[in-house]
$ cat start-v9.csv   # CSV, C-alpha atoms
chain,number,residue,atom,x,y,z
A,10,MET,CA,-46.7,-13.1,-12.2
A,11,ALA,CA,-49.8,-12.0,-14.1
A,12,GLN,CA,-52.0,-13.7,-11.6
A,13,SER,CA,-50.4,-12.0,-8.6
A,14,LEU,CA,-50.5,-8.7,-10.5
A,15,ALA,CA,-54.2,-9.0,-11.0
A,16,LYS,CA,-54.6,-10.0,-7.3
A,17,GLU,CA,-52.7,-7.0,-6.0
A,18,PHE,CA,-54.8,-4.7,-8.3
A,19,THR,CA,-58.2,-6.1,-7.5
A,20,LYS,CA,-57.8,-6.4,-3.7
A,21,GLY,CA,-58.0,-2.6,-3.5
A,22,LEU,CA,-61.4,-2.7,-5.3
A,23,TRP,CA,-63.3,-4.9,-2.8
A,24,ALA,CA,-61.4,-7.0,-0.3
A,25,GLU,CA,-59.3,-4.2,1.0
A,26,ILE,CA,-61.2,-1.1,-0.2
A,27,PRO,CA,-59.7,1.6,2.1
A,28,PRO,CA,-62.6,3.5,3.8
A,29,PHE,CA,-65.1,0.7,3.9
A,30,ARG,CA,-63.0,-2.4,4.6
A,31,LEU,CA,-59.8,-1.1,6.2
A,32,VAL,CA,-61.6,2.0,7.6
A,33,LEU,CA,-58.6,4.1,6.8
A,34,GLY,CA,-58.4,7.6,5.5
A,35,LEU,CA,-61.6,8.7,7.1
A,36,CYS,CA,-60.6,12.4,7.4
A,37,PRO,CA,-60.9,13.2,3.7
A,38,THR,CA,-63.6,10.6,3.3
A,39,LEU,CA,-65.9,12.4,5.7
A,40,ALA,CA,-64.9,15.9,4.9
A,41,VAL,CA,-64.9,16.2,1.1
A,42,THR,CA,-67.8,13.9,0.1
A,43,LYS,CA,-70.4,16.6,-0.1
A,44,SER,CA,-70.7,15.8,-3.8
A,45,VAL,CA,-69.7,13.2,-6.3
A,46,GLU,CA,-67.4,15.8,-8.0
A,47,ASN,CA,-65.4,16.5,-4.9
A,48,GLY,CA,-65.2,12.8,-4.1
A,49,ILE,CA,-63.8,12.0,-7.6
A,50,GLY,CA,-61.3,14.9,-7.5
A,51,MET,CA,-60.0,13.9,-4.0
A,52,GLY,CA,-59.8,10.2,-5.1
A,53,LEU,CA,-57.9,10.9,-8.2
A,54,ALA,CA,-55.4,13.2,-6.4
A,55,THR,CA,-54.8,10.5,-3.9
A,56,THR,CA,-54.5,7.8,-6.6
A,57,PHE,CA,-51.8,9.9,-8.4
A,58,VAL,CA,-49.8,10.2,-5.1
A,59,LEU,CA,-50.3,6.6,-4.2
A,60,VAL,CA,-49.1,5.2,-7.6
A,61,PHE,CA,-46.0,7.4,-7.9
A,62,SER,CA,-45.0,7.2,-4.2
A,63,ASN,CA,-45.4,3.4,-4.4
A,64,LEU,CA,-43.3,3.2,-7.5
A,65,LEU,CA,-40.5,5.4,-6.2
A,66,ILE,CA,-40.4,3.8,-2.8
A,67,SER,CA,-40.3,0.3,-4.3
A,68,LEU,CA,-37.5,1.3,-6.7
A,69,LEU,CA,-35.5,2.8,-3.8
A,70,ARG,CA,-36.4,0.0,-1.3
A,71,ASN,CA,-32.8,-1.4,-1.2
A,72,VAL,CA,-31.2,2.1,-1.0
A,73,ILE,CA,-33.2,3.7,1.8
A,74,PRO,CA,-31.6,2.9,5.2
A,75,PRO,CA,-34.2,1.3,7.5
A,76,LYS,CA,-33.7,3.7,10.3
A,77,VAL,CA,-34.8,6.8,8.3
A,78,ARG,CA,-37.2,5.0,6.1
A,79,ILE,CA,-40.3,6.9,7.3
A,80,ALA,CA,-38.6,10.3,6.8
A,81,CYS,CA,-37.7,9.2,3.3
A,82,TYR,CA,-41.2,8.1,2.6
A,83,ILE,CA,-42.6,11.4,3.8
A,84,VAL,CA,-40.2,13.4,1.6
A,85,ILE,CA,-41.3,11.4,-1.4
A,86,ILE,CA,-45.0,11.6,-0.6
A,87,ALA,CA,-44.9,15.3,0.2
A,88,THR,CA,-43.2,16.0,-3.2
A,89,PHE,CA,-45.9,14.3,-5.1
A,90,VAL,CA,-48.6,15.9,-3.1
A,91,THR,CA,-47.2,19.4,-3.8
A,92,ILE,CA,-47.0,18.5,-7.5
A,93,VAL,CA,-50.7,17.6,-7.4
A,94,GLU,CA,-51.5,20.8,-5.5
A,95,LEU,CA,-49.8,23.0,-8.1
A,96,VAL,CA,-51.2,21.1,-11.0
A,97,MET,CA,-54.7,21.3,-9.6
A,98,GLN,CA,-54.3,25.0,-9.0
A,99,ALA,CA,-53.2,25.5,-12.6
A,100,TYR,CA,-55.8,23.3,-14.3
A,101,THR,CA,-58.8,22.7,-12.0
A,102,TYR,CA,-58.9,25.9,-9.9
A,103,PRO,CA,-62.5,25.7,-8.7
A,104,LEU,CA,-62.0,22.1,-7.5
A,105,PHE,CA,-58.8,23.2,-5.8
A,106,LEU,CA,-60.8,25.9,-3.9
A,107,THR,CA,-63.5,23.4,-2.7
A,108,LEU,CA,-61.0,20.7,-1.7
A,109,GLY,CA,-58.8,23.4,0.0
A,110,ILE,CA,-56.7,22.1,2.9
A,111,PHE,CA,-57.5,18.4,2.2
A,112,ILE,CA,-55.1,18.3,-0.8
A,113,PRO,CA,-52.0,19.1,1.3
A,114,LEU,CA,-53.3,16.8,4.0
A,115,ILE,CA,-52.8,13.8,1.6
A,116,VAL,CA,-49.3,13.8,3.0
A,117,VAL,CA,-50.5,12.5,6.3
A,118,ASN,CA,-53.2,10.3,4.8
A,119,CYS,CA,-52.6,6.9,6.5
A,120,ILE,CA,-53.6,5.0,3.3
A,121,VAL,CA,-50.6,6.4,1.4
A,122,LEU,CA,-48.1,5.9,4.2
A,123,GLY,CA,-49.6,2.5,5.0
A,124,ARG,CA,-49.2,1.2,1.4
A,125,ALA,CA,-45.6,2.6,1.4
A,126,GLU,CA,-44.7,0.8,4.6
A,127,ALA,CA,-46.7,-2.4,4.3
A,128,PHE,CA,-46.4,-3.0,0.6
A,129,ALA,CA,-44.1,-0.9,-1.6
A,130,SER,CA,-41.1,-1.3,0.6
A,131,LYS,CA,-41.2,-5.1,0.3
A,132,ASN,CA,-42.3,-5.7,-3.3
A,133,THR,CA,-41.2,-5.1,-6.9
A,134,PRO,CA,-42.1,-1.8,-8.6
A,135,VAL,CA,-44.6,-3.4,-11.0
A,136,LEU,CA,-46.5,-5.0,-8.1
A,137,ALA,CA,-46.3,-1.8,-6.1
A,138,VAL,CA,-47.8,0.2,-8.9
A,139,ALA,CA,-50.6,-2.3,-9.3
A,140,ASP,CA,-51.3,-2.1,-5.6
A,141,GLY,CA,-51.3,1.7,-5.6
A,142,LEU,CA,-53.5,1.8,-8.6
A,143,GLY,CA,-56.0,-0.7,-7.1
A,144,ILE,CA,-56.2,1.0,-3.7
A,145,GLY,CA,-56.4,4.4,-5.3
A,146,ILE,CA,-59.2,3.5,-7.7
A,147,GLY,CA,-61.0,1.7,-4.8
A,148,PHE,CA,-60.6,4.9,-2.7
A,149,THR,CA,-62.0,7.0,-5.6
A,150,LEU,CA,-65.0,4.7,-6.1
A,151,SER,CA,-65.7,4.8,-2.4
A,152,LEU,CA,-65.6,8.6,-2.2
A,153,ALA,CA,-67.7,8.9,-5.4
A,154,SER,CA,-70.3,6.5,-4.1
A,155,LEU,CA,-70.4,8.1,-0.7
A,156,GLY,CA,-70.6,11.5,-2.4
A,157,ALA,CA,-73.4,10.2,-4.6
A,158,VAL,CA,-75.5,9.0,-1.7
A,159,ARG,CA,-75.0,12.3,0.2
A,160,GLU,CA,-75.6,14.5,-2.9
A,161,ILE,CA,-78.8,12.6,-4.0
A,162,ILE,CA,-80.4,12.6,-0.5
A,163,GLY,CA,-79.1,16.0,0.5
A,164,ALA,CA,-79.6,18.0,-2.7
A,165,GLY,CA,-81.7,15.7,-4.9
A,166,THR,CA,-79.4,16.1,-7.9
A,167,ILE,CA,-76.0,15.1,-9.1
A,168,THR,CA,-73.9,17.8,-10.8
A,169,ILE,CA,-70.5,17.0,-12.3
A,170,TRP,CA,-68.2,19.8,-13.6
A,171,GLY,CA,-70.8,22.6,-13.8
A,172,GLY,CA,-73.7,22.8,-16.2
A,173,ASN,CA,-76.9,20.9,-15.8
A,174,PRO,CA,-77.4,18.1,-13.3
A,175,VAL,CA,-76.7,14.7,-14.8
A,176,PHE,CA,-79.2,13.1,-12.5
A,177,ALA,CA,-82.2,14.6,-10.7
A,178,VAL,CA,-84.7,12.9,-8.5
A,179,GLY,CA,-87.6,15.2,-9.5
A,180,ASP,CA,-89.4,18.2,-8.3
A,181,TRP,CA,-91.5,16.3,-5.7
A,182,TYR,CA,-88.4,15.6,-3.7
A,183,HIS,CA,-87.5,17.9,-0.8
A,184,PRO,CA,-83.8,17.9,-0.3
A,185,PHE,CA,-82.8,16.5,3.1
A,186,SER,CA,-79.9,19.0,3.5
A,187,PHE,CA,-78.7,17.3,6.8
A,188,MET,CA,-76.9,14.8,4.6
A,189,VAL,CA,-74.6,17.3,3.0
A,190,GLU,CA,-73.7,18.8,6.4
A,191,ALA,CA,-70.9,17.3,8.6
A,192,PRO,CA,-73.1,15.0,10.7
A,193,GLY,CA,-74.7,13.6,7.6
A,194,ALA,CA,-71.2,12.3,6.6
A,195,PHE,CA,-71.0,10.1,9.6
A,196,VAL,CA,-74.6,8.8,9.2
A,197,ALA,CA,-74.0,8.0,5.5
A,198,LEU,CA,-70.6,6.4,6.1
A,199,GLY,CA,-72.1,4.3,9.0
A,200,LEU,CA,-74.9,3.1,6.8
A,201,MET,CA,-72.6,2.2,3.9
A,202,LEU,CA,-70.2,0.4,6.2
A,203,ALA,CA,-73.2,-1.6,7.6
A,204,GLY,CA,-74.3,-2.4,4.1
A,205,MET,CA,-70.8,-3.5,3.0
A,206,ASN,CA,-70.6,-5.8,6.1
A,207,LEU,CA,-74.1,-7.2,5.3
A,208,ILE,CA,-73.1,-8.1,1.7
A,209,GLY,CA,-69.7,-9.4,2.7
A,210,LYS,CA,-71.0,-11.5,5.6
A,211,LYS,CA,-70.2,-15.2,5.2
B,70,MET,CA,-20.4,5.0,11.1
B,71,ARG,CA,-21.1,3.7,7.6
B,72,GLU,CA,-24.8,3.5,8.4
B,73,MET,CA,-24.8,7.1,9.6
B,74,ILE,CA,-23.2,8.3,6.4
B,75,SER,CA,-25.6,6.4,4.2
B,76,MET,CA,-28.5,7.8,6.2
B,77,ILE,CA,-27.3,11.4,5.7
B,78,VAL,CA,-26.4,10.9,2.0
B,79,VAL,CA,-29.7,9.3,1.1
B,80,LEU,CA,-31.9,11.8,2.9
B,81,THR,CA,-29.9,14.7,1.5
B,82,LEU,CA,-30.1,13.4,-2.0
B,83,LEU,CA,-33.8,12.7,-1.7
B,84,ALA,CA,-34.5,16.1,-0.3
B,85,SER,CA,-32.5,18.0,-2.9
B,86,VAL,CA,-33.9,16.0,-5.9
B,87,SER,CA,-37.5,16.7,-4.6
B,88,GLY,CA,-36.6,20.3,-4.0
B,89,GLY,CA,-35.4,20.7,-7.6
B,90,LEU,CA,-38.4,18.9,-9.0
B,91,LEU,CA,-40.8,21.1,-7.1
B,92,ALA,CA,-39.0,24.2,-8.2
B,93,ALA,CA,-39.3,23.1,-11.8
B,94,VAL,CA,-43.1,22.3,-11.4
B,95,LYS,CA,-43.6,25.6,-9.6
B,96,SER,CA,-42.0,27.7,-12.3
B,97,GLY,CA,-43.8,25.6,-15.0
B,98,THR,CA,-47.3,26.2,-13.5
B,99,GLU,CA,-46.8,29.7,-12.2
B,100,LEU,CA,-48.1,31.6,-15.2
B,101,ARG,CA,-51.1,29.3,-15.6
B,102,ILE,CA,-52.0,29.6,-11.8
B,103,GLU,CA,-51.8,33.4,-12.1
B,104,GLU,CA,-54.3,33.2,-15.0
B,105,GLN,CA,-56.6,31.0,-13.1
B,106,VAL,CA,-56.6,33.3,-10.1
B,107,LEU,CA,-57.3,36.2,-12.4
B,108,LYS,CA,-60.2,34.3,-14.0
B,109,PHE,CA,-61.8,32.9,-10.9
B,110,GLN,CA,-61.0,35.5,-8.2
B,111,LYS,CA,-60.3,38.8,-9.8
B,112,ALA,CA,-62.5,38.8,-12.9
B,113,PRO,CA,-65.8,38.3,-11.0
B,114,ALA,CA,-64.9,41.1,-8.6
B,115,ILE,CA,-64.0,43.5,-11.4
B,116,GLU,CA,-67.1,42.7,-13.4
B,117,SER,CA,-69.2,43.3,-10.3
B,118,LEU,CA,-67.4,46.6,-9.6
B,119,PHE,CA,-67.4,47.9,-13.2
B,120,SER,CA,-70.8,46.6,-14.3
B,121,ASP,CA,-71.3,49.4,-16.9
B,122,VAL,CA,-67.8,49.9,-18.4
B,123,THR,CA,-67.4,50.1,-22.2
B,124,ASN,CA,-64.0,48.5,-22.4
B,125,ASP,CA,-62.5,45.2,-21.2
B,126,PRO,CA,-60.5,46.0,-17.9
B,127,LEU,CA,-59.0,42.5,-17.9
B,128,LYS,CA,-57.5,42.8,-21.3
B,129,GLU,CA,-56.2,46.3,-20.8
B,130,ARG,CA,-54.5,45.6,-17.4
B,131,PHE,CA,-51.1,47.0,-16.8
B,132,THR,CA,-48.6,46.7,-13.9
B,133,LEU,CA,-47.1,49.4,-11.8
B,134,ASP,CA,-44.1,49.2,-9.4
B,135,THR,CA,-45.0,50.3,-5.9
B,136,GLY,CA,-41.6,50.1,-4.5
B,137,ASP,CA,-41.9,46.7,-2.7
B,138,ARG,CA,-44.2,44.8,-5.2
B,139,THR,CA,-45.8,45.1,-8.6
B,140,LEU,CA,-49.5,46.0,-8.7
B,141,GLN,CA,-51.9,44.9,-11.4
B,142,ILE,CA,-54.1,47.8,-12.4
B,143,PHE,CA,-57.4,47.3,-14.3
B,144,PRO,CA,-58.6,50.4,-16.1
B,145,GLY,CA,-62.3,50.9,-16.8
B,146,LYS,CA,-64.1,53.5,-18.9
B,147,MET,CA,-67.4,54.3,-17.3
B,148,LYS,CA,-70.5,55.0,-19.3
B,149,ASP,CA,-70.6,58.7,-18.4
B,150,GLY,CA,-67.1,59.1,-19.9
B,151,SER,CA,-65.1,59.2,-16.7
B,152,ARG,CA,-62.2,56.9,-16.1
B,153,ALA,CA,-61.7,54.5,-13.3
B,154,VAL,CA,-59.1,52.0,-12.1
B,155,ALA,CA,-59.4,48.8,-10.0
B,156,PHE,CA,-56.6,47.1,-8.2
B,157,GLU,CA,-56.3,44.5,-5.4
B,158,THR,CA,-54.9,45.2,-2.0
B,159,SER,CA,-54.6,42.8,0.9
B,160,GLY,CA,-55.8,43.5,4.5
B,161,LYS,CA,-53.7,42.0,7.2
B,162,GLY,CA,-55.1,40.3,10.2
B,163,GLY,CA,-58.3,38.5,9.0
B,164,TYR,CA,-59.5,35.5,11.0
B,165,GLY,CA,-58.0,33.1,8.5
B,166,GLY,CA,-55.1,35.1,7.1
B,167,ASP,CA,-55.0,38.1,4.7
B,168,ILE,CA,-58.1,39.2,2.9
B,169,GLY,CA,-57.8,40.3,-0.7
B,170,LEU,CA,-59.9,43.4,-1.6
B,171,MET,CA,-60.5,44.7,-5.2
B,172,VAL,CA,-61.0,48.4,-4.9
B,173,GLY,CA,-62.3,50.5,-7.8
B,174,ILE,CA,-61.5,54.2,-7.8
B,175,ASN,CA,-62.8,56.8,-10.2
B,176,VAL,CA,-59.8,58.8,-11.4
B,177,ASP,CA,-61.7,61.9,-12.6
B,178,SER,CA,-63.8,62.5,-9.4
B,179,ASP,CA,-61.3,60.9,-7.0
B,180,GLN,CA,-64.2,58.8,-5.5
B,181,LEU,CA,-64.3,55.2,-4.7
B,182,VAL,CA,-66.4,53.2,-7.1
B,183,GLY,CA,-66.7,50.4,-4.6
B,184,ALA,CA,-64.9,47.4,-3.2
B,185,ARG,CA,-65.3,43.6,-3.5
B,186,VAL,CA,-63.6,40.9,-1.4
B,187,THR,CA,-61.6,38.4,-3.6
B,188,THR,CA,-59.6,35.9,-1.7
B,189,HIS,CA,-60.2,35.0,1.9
B,190,ALA,CA,-60.2,32.1,4.4
B,191,GLU,CA,-62.8,33.5,6.8
B,192,THR,CA,-65.3,31.4,8.8
B,193,PRO,CA,-68.2,30.3,6.5
B,194,GLY,CA,-71.4,32.0,7.5
B,195,LEU,CA,-69.7,34.7,9.6
B,196,GLY,CA,-66.6,36.3,8.1
B,197,SER,CA,-67.4,35.0,4.7
B,198,ARG,CA,-70.4,37.4,4.6
B,199,ALA,CA,-67.8,40.1,3.7
B,200,LYS,CA,-67.7,38.5,0.3
B,201,ASP,CA,-71.1,36.9,-0.1
B,202,ASP,CA,-73.3,39.7,1.2
B,203,LEU,CA,-72.7,42.9,-0.6
B,204,THR,CA,-74.3,45.1,2.1
B,205,PHE,CA,-71.0,45.4,4.0
B,206,VAL,CA,-68.7,46.3,1.1
B,207,SER,CA,-71.4,48.6,-0.5
B,208,GLN,CA,-70.6,51.0,2.3
B,209,PHE,CA,-67.4,51.8,0.3
B,210,ASN,CA,-69.5,53.0,-2.7
B,211,SER,CA,-68.9,56.6,-3.8
B,212,ARG,CA,-66.8,57.5,-0.8
B,213,PRO,CA,-64.5,60.4,-1.4
B,214,LEU,CA,-60.8,59.5,-1.4
B,215,ASP,CA,-60.1,61.3,1.9
B,216,ALA,CA,-62.9,59.6,3.8
B,217,ASN,CA,-61.9,57.8,7.0
B,218,LEU,CA,-62.6,54.2,6.0
B,219,ALA,CA,-61.8,52.7,9.4
B,220,LEU,CA,-64.5,50.9,11.4
B,221,LYS,CA,-66.8,53.0,13.6
B,222,ALA,CA,-65.3,51.1,16.6
B,223,ASP,CA,-62.0,52.6,15.5
B,224,ASN,CA,-63.4,56.1,15.1
B,225,GLY,CA,-64.0,55.7,11.4
B,226,SER,CA,-67.2,55.6,9.4
B,227,ILE,CA,-67.8,51.9,8.4
B,228,ASP,CA,-70.2,49.6,10.2
B,229,ALA,CA,-68.7,46.2,11.0
B,230,ILE,CA,-70.5,43.0,10.1
B,231,SER,CA,-72.0,41.9,13.4
B,232,GLY,CA,-70.2,38.8,14.7
B,233,ALA,CA,-67.3,39.4,12.4
B,234,THR,CA,-65.4,42.5,13.6
B,235,VAL,CA,-62.0,41.0,13.0
B,236,THR,CA,-62.9,40.2,9.3
B,237,SER,CA,-64.4,43.7,8.9
B,238,ARG,CA,-61.3,45.4,10.3
B,239,ALA,CA,-59.1,43.5,7.9
B,240,VAL,CA,-61.2,44.6,5.0
B,241,THR,CA,-61.1,48.3,6.1
B,242,ARG,CA,-57.3,47.9,6.4
B,243,ALA,CA,-57.2,46.8,2.8
B,244,ALA,CA,-59.4,49.8,1.8
B,245,ILE,CA,-57.2,52.2,3.7
B,246,GLN,CA,-54.1,50.7,2.0
B,247,ALA,CA,-55.8,51.2,-1.3
B,248,GLN,CA,-56.4,54.9,-0.6
B,249,GLU,CA,-52.7,55.3,0.3
B,250,LEU,CA,-51.5,53.3,-2.7
B,251,TYR,CA,-53.7,55.3,-5.0
B,252,SER,CA,-52.5,58.7,-3.8
B,253,GLN,CA,-49.0,57.5,-4.2
B,254,LEU,CA,-49.5,56.1,-7.7
B,255,LYS,CA,-52.0,58.5,-9.2
B,256,PRO,CA,-49.5,60.4,-11.4
B,257,GLU,CA,-48.3,57.2,-12.9
B,258,ILE,CA,-51.9,55.9,-13.4
B,259,LEU,CA,-52.9,59.1,-15.2
B,260,LYS,CA,-49.9,58.7,-17.4
B,261,GLN,CA,-50.9,55.1,-18.3
B,262,ILE,CA,-54.6,55.5,-19.0
B,263,GLN,CA,-54.8,58.7,-21.0

$ encode --input "start-v9.csv" --output "structure tokens"
Amino acid sequence: MAQSLAKEFTKGLWAEIPPFRLVLGLCPTLAVTKSVENGIGMGLATTFVLVFSNLLISLLRNVIPPKVRIACYIVIIATFVTIVELVMQAYTYPLFLTLGIFIPLIVVNCIVLGRAEAFASKNTPVLAVADGLGIGIGFTLSLASLGAVREIIGAGTITIWGGNPVFAVGDWYHPFSFMVEAPGAFVALGLMLAGMNLIGKK
Amino acid sequence: MREMISMIVVLTLLASVSGGLLAAVKSGTELRIEEQVLKFQKAPAIESLFSDVTNDPLKERFTLDTGDRTLQIFPGKMKDGSRAVAFETSGKGGYGGDIGLMVGINVDSDQLVGARVTTHAETPGLGSRAKDDLTFVSQFNSRPLDANLALKADNGSIDAISGATVTSRAVTRAAIQAQELYSQLKPEILKQIQ
């Protein structure tokens, strides 16, 4: 039990890390990773939704009629997304403004629905939570690292939650602002995918 | 038939539970969200409008009933002793929905102090200049209350932002709405701020 729990949790961190291995959830991945802060915020919001929707879907897996299961999943997921949206508005308003439309769009994020359909609906609640947590943290780490690459190359600094930059390349560096624009997202993601494949090559 | 009923029952139950839960979260966060909007959207606009007031307009805010909604009014005491109020109106028909405009009006001289865009969803770089670039909204500075604040294209007196006529028109609608609201509410405002 403990072994499979650990397995379900860690698979999301490397073997099935969503944007890099499964190449899922690219819309938020490309759109919000202008900075580390945005990446972490988006990742944590998605993690919250994943964990709770997985838990609830797994608890209700014997109650939900198979023919309307997708409709039920969407209702559950949409509820948690709206909760996240309201809570972010109440407590992290500036982040809510920058993430904007991508928070409500978590409802149609294929990672969340994919985990519900492929995993939570067939496994026990404990395993489903471990799976959601693992995939969610993997997603957060991916967005943060992609955000870090883009922010360092594109702006030369990393700033988290206002105040002074926590990391700066130095004054000699001329920011390559292409990387924080939309095309830079594709280039950075492509290079990171290539890097992941290079490391993972057997 | 049994399957049909179970589908209907499960979906209905799920939807009503989630509806109830969301209503609870919404009412729980409502006050806090209002505070955040005040702090991050309205406060900067008011500070920029009333740069030399001697009081705290945010703290002294009060609400007035306009008939169809309640309006938050922020009173300011100008350095020269005159009194002013600021309130937010919304201009219909922006490119990305309504545009919020904080309008300051000097109560003693019946002149506009100025106007600042608060909330908007306009195109970055085009319509968003209504908020970021103060040259457009500074056209409202010191206008008399009976001035025609429509766009020049609409026989008014305001120059539109080039490339963002739709946005500019929505902003002028908000300004005109502010003129109307003010003339309607002036007696009550005077009663409140003396």

$ atom_distance --input "start-v9.csv" --atom1 "CA of Val94 in chain B" --atom2 "CA of Leu95 in chain A"
7.5 Å

$ atom_distance --input "start-v9.csv" --atom1 "CA of Thr158 in chain B" --atom2 "CA of Lys111 in chain B"
11.4 Å

$ interface_residues --input "start-v9.csv" --of "chain B" --to "chain A" --cutoff "9 Å" --atoms "all atoms listed in the file" --output "compact mmCIF listing (two decimals) with C-alpha atoms, in the coordinates of the input"
# COMPACT_ATOMS: atom_id res chain seq x y z
CA GLU B 72 -24.80 3.50 8.40
CA SER B 75 -25.60 6.40 4.20
CA MET B 76 -28.50 7.80 6.20
CA VAL B 79 -29.70 9.30 1.10
CA LEU B 80 -31.90 11.80 2.90
CA LEU B 83 -33.80 12.70 -1.70
CA ALA B 84 -34.50 16.10 -0.30
CA SER B 87 -37.50 16.70 -4.60
CA GLY B 88 -36.60 20.30 -4.00
CA LEU B 90 -38.40 18.90 -9.00
CA LEU B 91 -40.80 21.10 -7.10
CA VAL B 94 -43.10 22.30 -11.40
CA LYS B 95 -43.60 25.60 -9.60
CA THR B 98 -47.30 26.20 -13.50
CA GLU B 99 -46.80 29.70 -12.20
CA LEU B 100 -48.10 31.60 -15.20
CA ARG B 101 -51.10 29.30 -15.60
CA ILE B 102 -52.00 29.60 -11.80
CA GLU B 103 -51.80 33.40 -12.10
CA GLU B 104 -54.30 33.20 -15.00
CA GLN B 105 -56.60 31.00 -13.10
CA VAL B 106 -56.60 33.30 -10.10
CA PHE B 109 -61.80 32.90 -10.90

$ closest_atom_pairs --input "start-v9.csv" --of "range 123-230 of chain B" --to "range 237-251 of chain B" --cutoff "9 Å" --atoms "all atoms listed in the file" --output "Markdown table"
| residue | atom | partner | partner_atom | distance |
| --- | --- | --- | --- | --- |
| B:Thr135 | CA | B:Leu250 | CA | 7.8 |
| B:Phe156 | CA | B:Ala247 | CA | 8.1 |
| B:Glu157 | CA | B:Ala247 | CA | 7.9 |
| B:Thr158 | CA | B:Ala243 | CA | 5.6 |
| B:Ser159 | CA | B:Ala243 | CA | 5.1 |
| B:Gly160 | CA | B:Ala243 | CA | 4.0 |
| B:Lys161 | CA | B:Ala239 | CA | 5.6 |
| B:Gly162 | CA | B:Ala239 | CA | 5.6 |
| B:Gly163 | CA | B:Ala239 | CA | 5.2 |
| B:Tyr164 | CA | B:Ala239 | CA | 8.6 |
| B:Asp167 | CA | B:Ala239 | CA | 7.5 |
| B:Ile168 | CA | B:Val240 | CA | 6.6 |
| B:Gly169 | CA | B:Ala243 | CA | 7.4 |
| B:Leu170 | CA | B:Ala243 | CA | 6.2 |
| B:Met171 | CA | B:Ala244 | CA | 8.7 |
| B:Val172 | CA | B:Ala247 | CA | 6.9 |
| B:Ile174 | CA | B:Tyr251 | CA | 8.4 |
| B:Leu181 | CA | B:Gln248 | CA | 8.9 |
| B:Ala184 | CA | B:Ala244 | CA | 7.8 |
| B:Val186 | CA | B:Val240 | CA | 7.8 |
| B:Gly196 | CA | B:Ser237 | CA | 7.8 |
| B:Ala199 | CA | B:Ser237 | CA | 7.2 |
| B:Phe205 | CA | B:Ser237 | CA | 8.4 |
| B:Val206 | CA | B:Val240 | CA | 8.6 |
| B:Phe209 | CA | B:Ala244 | CA | 8.4 |
| B:Leu214 | CA | B:Gln248 | CA | 6.4 |
| B:Asp215 | CA | B:Gln248 | CA | 7.8 |
| B:Asn217 | CA | B:Ile245 | CA | 8.0 |
| B:Leu218 | CA | B:Thr241 | CA | 6.1 |
| B:Ala219 | CA | B:Thr241 | CA | 5.5 |
| B:Leu220 | CA | B:Arg238 | CA | 6.5 |
| B:Asp223 | CA | B:Arg238 | CA | 8.9 |
| B:Ile227 | CA | B:Thr241 | CA | 7.9 |
| B:Asp228 | CA | B:Ser237 | CA | 8.4 |
| B:Ala229 | CA | B:Ser237 | CA | 5.4 |
| B:Ile230 | CA | B:Ser237 | CA | 6.3 |

$ closest_residue --input "start-v9.csv" --among "A:Ser186, A:Ser13, A:Thr166, A:Ser44" --to "Leu104 in chain A" --atoms "only C-alpha atoms"
A:Ser44

$ closest_residue --input "start-v9.csv" --among "A:Val138, A:Ala177, A:Ile144, A:Ile112" --to "Cys36 in chain A" --atoms "only C-alpha atoms"
A:Ile112

$ residues_around --input "start-v9.csv" --residues "Val135 in chain A" --least-positions-apart "6" --cutoff "12 Å" --atoms "all atoms listed in the file" --output "VMD selection string"
chain A and resid 10 to 11 13 to 15 17 to 18 60 to 61 63 to 68 128 to 129 141 to 142

$ atom_distance --input "start-v9.csv" --atom1 "CA of Gly173 in chain B" --atom2 "CA of Ala153 in chain B"
6.8 Å

$ build_atoms --input "start-v9.csv" --residues "range 125-132 of chain A" --atoms "N, CA and C atoms" --output "PDB file, keeping the file's coordinate frame"
ATOM      1  N   ALA A 125     -47.041   2.457   1.528  1.00  0.00           N
ATOM      2  CA  ALA A 125     -45.600   2.600   1.400  1.00  0.00           C
ATOM      3  C   ALA A 125     -44.898   1.607   2.330  1.00  0.00           C
ATOM      4  N   GLU A 126     -45.321   1.626   3.593  1.00  0.00           N
ATOM      5  CA  GLU A 126     -44.700   0.800   4.600  1.00  0.00           C
ATOM      6  C   GLU A 126     -44.992  -0.656   4.479  1.00  0.00           C
ATOM      7  N   ALA A 127     -46.274  -0.967   4.242  1.00  0.00           N
ATOM      8  CA  ALA A 127     -46.700  -2.400   4.300  1.00  0.00           C
ATOM      9  C   ALA A 127     -46.463  -3.075   2.957  1.00  0.00           C
ATOM     10  N   PHE A 128     -46.468  -2.343   1.859  1.00  0.00           N
ATOM     11  CA  PHE A 128     -46.400  -3.000   0.600  1.00  0.00           C
ATOM     12  C   PHE A 128     -45.206  -2.635  -0.277  1.00  0.00           C
ATOM     13  N   ALA A 129     -45.132  -1.331  -0.609  1.00  0.00           N
ATOM     14  CA  ALA A 129     -44.100  -0.900  -1.600  1.00  0.00           C
ATOM     15  C   ALA A 129     -42.707  -1.182  -1.147  1.00  0.00           C
ATOM     16  N   SER A 130     -42.466  -1.097   0.173  1.00  0.00           N
ATOM     17  CA  SER A 130     -41.100  -1.300   0.600  1.00  0.00           C
ATOM     18  C   SER A 130     -40.660  -2.733   0.633  1.00  0.00           C
ATOM     19  N   LYS A 131     -41.595  -3.655   0.303  1.00  0.00           N
ATOM     20  CA  LYS A 131     -41.200  -5.100   0.300  1.00  0.00           C
ATOM     21  C   LYS A 131     -41.456  -5.756  -1.005  1.00  0.00           C
ATOM     22  N   ASN A 132     -41.960  -5.023  -2.020  1.00  0.00           N
ATOM     23  CA  ASN A 132     -42.300  -5.700  -3.300  1.00  0.00           C
ATOM     24  C   ASN A 132     -41.682  -4.980  -4.478  1.00  0.00           C
TER      25      ASN A 132
END
